[in-house]
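**Q** The structure follows.
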Amino acid sequence: MSSEKKEHGRSVYTAWNHPLVMRGYFDVPELYEWQKEVIEMSARERSRVCVSTNNESGKTNIIIPLLGLSAMVAFPGCTVFSTAGAEEQIKGQLFKYLEEKLRRYIGSGKDSWQVSMSELQVMGPEVDGVRSRWISRVPKDALTVEGYHGHWSGDKWCPVMVIVDEAKSVGREIFEAAWRIDPDWLVVISTPGDDSGPFYEAMEDLANREEEGGVEGRSGDLWTYRRKVNWRECPHLLTDRRLALREALIKKFGENHSFIKSFLGGEFKRSSDENYAFTDNDIRNVRQAMGMQANDDRRGECVRDGVKRASLDFSGGGDEQTIYIRDGMDVYFWRAFKEENTTVLARMFVNLLKEHKVEPWNCYADNGGLGLPIIDAMENMSYQGIHRYMNQQASVNKHEYADRMTEDLYLFKGILARYRIKLPNDPVLLKQARQRRSKLNNHNQVKLEDKPAHRARTGESPDRLDGIVMLFSDFEVPVVRGVVGVDIDDIKSDIEIKAQQGGHRAFQGLVRAPVSGFGKFGVRVEPEVGVGVGVGKRNVPRGTI
């Protein structure tokens, strides 16, 4: 047997086993033109493809599965190695899609497909004594990628495909390891991240390119094909419902916010992006709530319901500690302290809360840092049952927000726009709203700027704003006694707000079924015959949602 090393084999698709031909075998829907082009370019011999896409473009459930599974079929003994920025991206998304597309072919023998969620591995059926495999790993270091090379099995070449998904979160050493493998096909695809790192460098000259379409590399270029994709190239994102959602997102975050540019436009974040949490329209609403505007175009009246609610924010190191109390929509009392003695501060808060008849369970207090011992001290003073608010608690809408405080701030902006909330006329609070910024994390979630960074940039901590956000984190439309005939369409937004706020209290977001007679709130409710939920008018007391 010759000891000479064979040359690198050739992996050339035919007209019969090309990924675009095999689409039907894996239940992949009809492809868009740009998807066809990306797949065709990726399937070329010795391809090096890099693509930046907007969210929900189909990269993880269409492009990646079709490329990998087709290679496993077309070239028995093929190895597909894929990686992503986080294990959830692999286990919670990619492998669920793979299992779904292979469901009718999965079996227990060597002549069947097998999917292992625990090992993150797919095995193809045995053909001529060899089996193709798909292996996924989280890129902890370069060793994760090493060891996967094309090889000969008799006279058959067993190629390697390397796929880097969500490449914005993958470090330079992983890219270098992928180059060392010298795979038969390399596919790098991701939603955009920061304007730095190897993925950005690969796409930098296309980042601000206005023209749509791919760019083929010339002879000797590192990449054989690159493309930036935006949401306008994805027809499933252009339905009336999705267009309305995107218009609402643009209104909420601002057209130039990094979240909008990345989520919709497939554009990279820049350190120069000023992602202010409050848009100009939001600031106008704050000024209206403070009575600074001549005209207030928000709907309804500032309603009091007689139930006092409070928020407490604690900060040390010379920052303020704040207390806010509201009655329905009216924030009628507030104070800011700079008290270093936690016992004295706890006593001051308890006295004020009892004076204003705020029950402990209606008091939201920041449980982080200095707040923990102060709340403990307050409960030792017979003020027990305080709602301990955790800023870093997981958000309900994880697709958009990184944590609870960020989510509650954006919900507060929605409440402020809909209802005639009354805020104290406080220039410091207004300034903190103007200065508050957000950013995108590596998972494309919006997250408020950390307090240390905010303090370094502005010279103060946004404690008053945080206190107001906490104060409205359990917002419910106040009950107006004796009012009947409320239009159900008028309260849809209220239900939507409460549904997003889920988790704050038991049964939140549920709508009590209309009944005859006098209900719990003393409001007469008469059901209408033949009218479905959410249609027409119903006598629904607003306080029951």
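Ligands are numbered from 1 in the order shown, residues from 1 within each chain, and chains are lettered A, B, ... in the order they appear in the structure tokens.
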Neighbouring residues of stretch 307-318 of chain A were defined as those with any atom within 7 Å, considering only C-alpha atoms; residues of the same chain fewer than 3 positions away were excluded. Please report them as a list of chain:residue names.

**A**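 The contact residues come out as A:Gln321, A:Thr322, A:Ile323, A:Tyr324, A:Ile325, A:Arg326, A:Asp327, A:Gly328, A:Lys338, A:Lys357, A:Val358, A:Asn362, A:Cys363, A:Tyr364, A:Ala365, A:Asp366, A:Leu370, A:Gly371, A:Asp463, A:Gly467, A:Met470, A:Leu471.
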
**Q** Quick one: residues within 10 Å of A:Asp128, only C-alpha atoms counted, chain neighbours fewer than 3 positions away excluded, as number ranges by chain?

**A** A: 76-77, 125, 131, 153, 156

**Q** Measure the distance from atom CA of A:Phe81 to atom CA of A:Met123 in Å and round it to one decimal.

**A**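 Value for the atom CA of A:Phe81-atom CA of A:Met123 distance: 12.2 Å.
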
**Q** Would you please work out which residue, of A:Arg304, A:Arg46, A:Arg464, A:Lys447, is nearest to A:Tyr410 when using only C-alpha atoms?

**A**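 Using only C-alpha atoms, A:Tyr410 sits closest to A:Lys447.
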
**Q** Per DSSP on the backbone, what are the strand (DSSP E) residues of stretch 175-342 of chain A, as an NGL selection string?

**A** :A and (185-190 or 215-216 or 225-228 or 308-313 or 321-327 or 330-337)

**Q** Stretch 210-405 of chain A: which residues are alpha helix (DSSP H) by DSSP, as a PyMOL selection string?

**A** chain A and resi 240-253+258-263+280-289+342-355+371-380+404-405

**Q** I need the residue nearest A:Asp194 from this list: A:Ala336, A:Arg137, A:Gly306, A:His443. Use only C-alpha atoms for the distance.

**A** A:His443

**Q** Restricting the calculation to only C-alpha atoms, which member of A:Val344, A:Ala433, A:Cys78, A:Ala86 is positioned closest to A:Ile468?

**A**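 Among the listed residues, the smallest separation from A:Ile468 belongs to A:Ala433.
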
**Q** Point out the residue among A:Asn441, A:Val469, A:Thr191, A:His387 with the least atom-to-atom distance to A:Arg404, counting only C-alpha atoms.

**A**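 Among the listed residues, the smallest separation from A:Arg404 belongs to A:Val469.
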
**Q** Would you list the contacts of A:Ile283 as a list in words, taking every protein, DNA or RNA residue within 9 Å and counting only C-alpha atoms, but skipping same-chain residues closer than 4 positions in sequence?

**A**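 Listed by chain and then number, they are Phe278, Thr279, Arg287, Gln288, Leu430, Ala433 and Arg434 of chain A.
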
**Q** Near A:Lys422, counting only C-alpha atoms, which residues have an atom at most 10 Å away, once you skip same-chain residues fewer than 6 positions from it, shown as a ChimeraX atom specification?

**A** /A:286-291,301-303,326-332,416

**Q** Excluding A:Ser47 and its own-chain neighbours fewer than 6 positions away, which residues fall within 9 Å of it when counting only C-alpha atoms? Please give them as number ranges by chain.

**A** A: 41, 183-187, 223-225
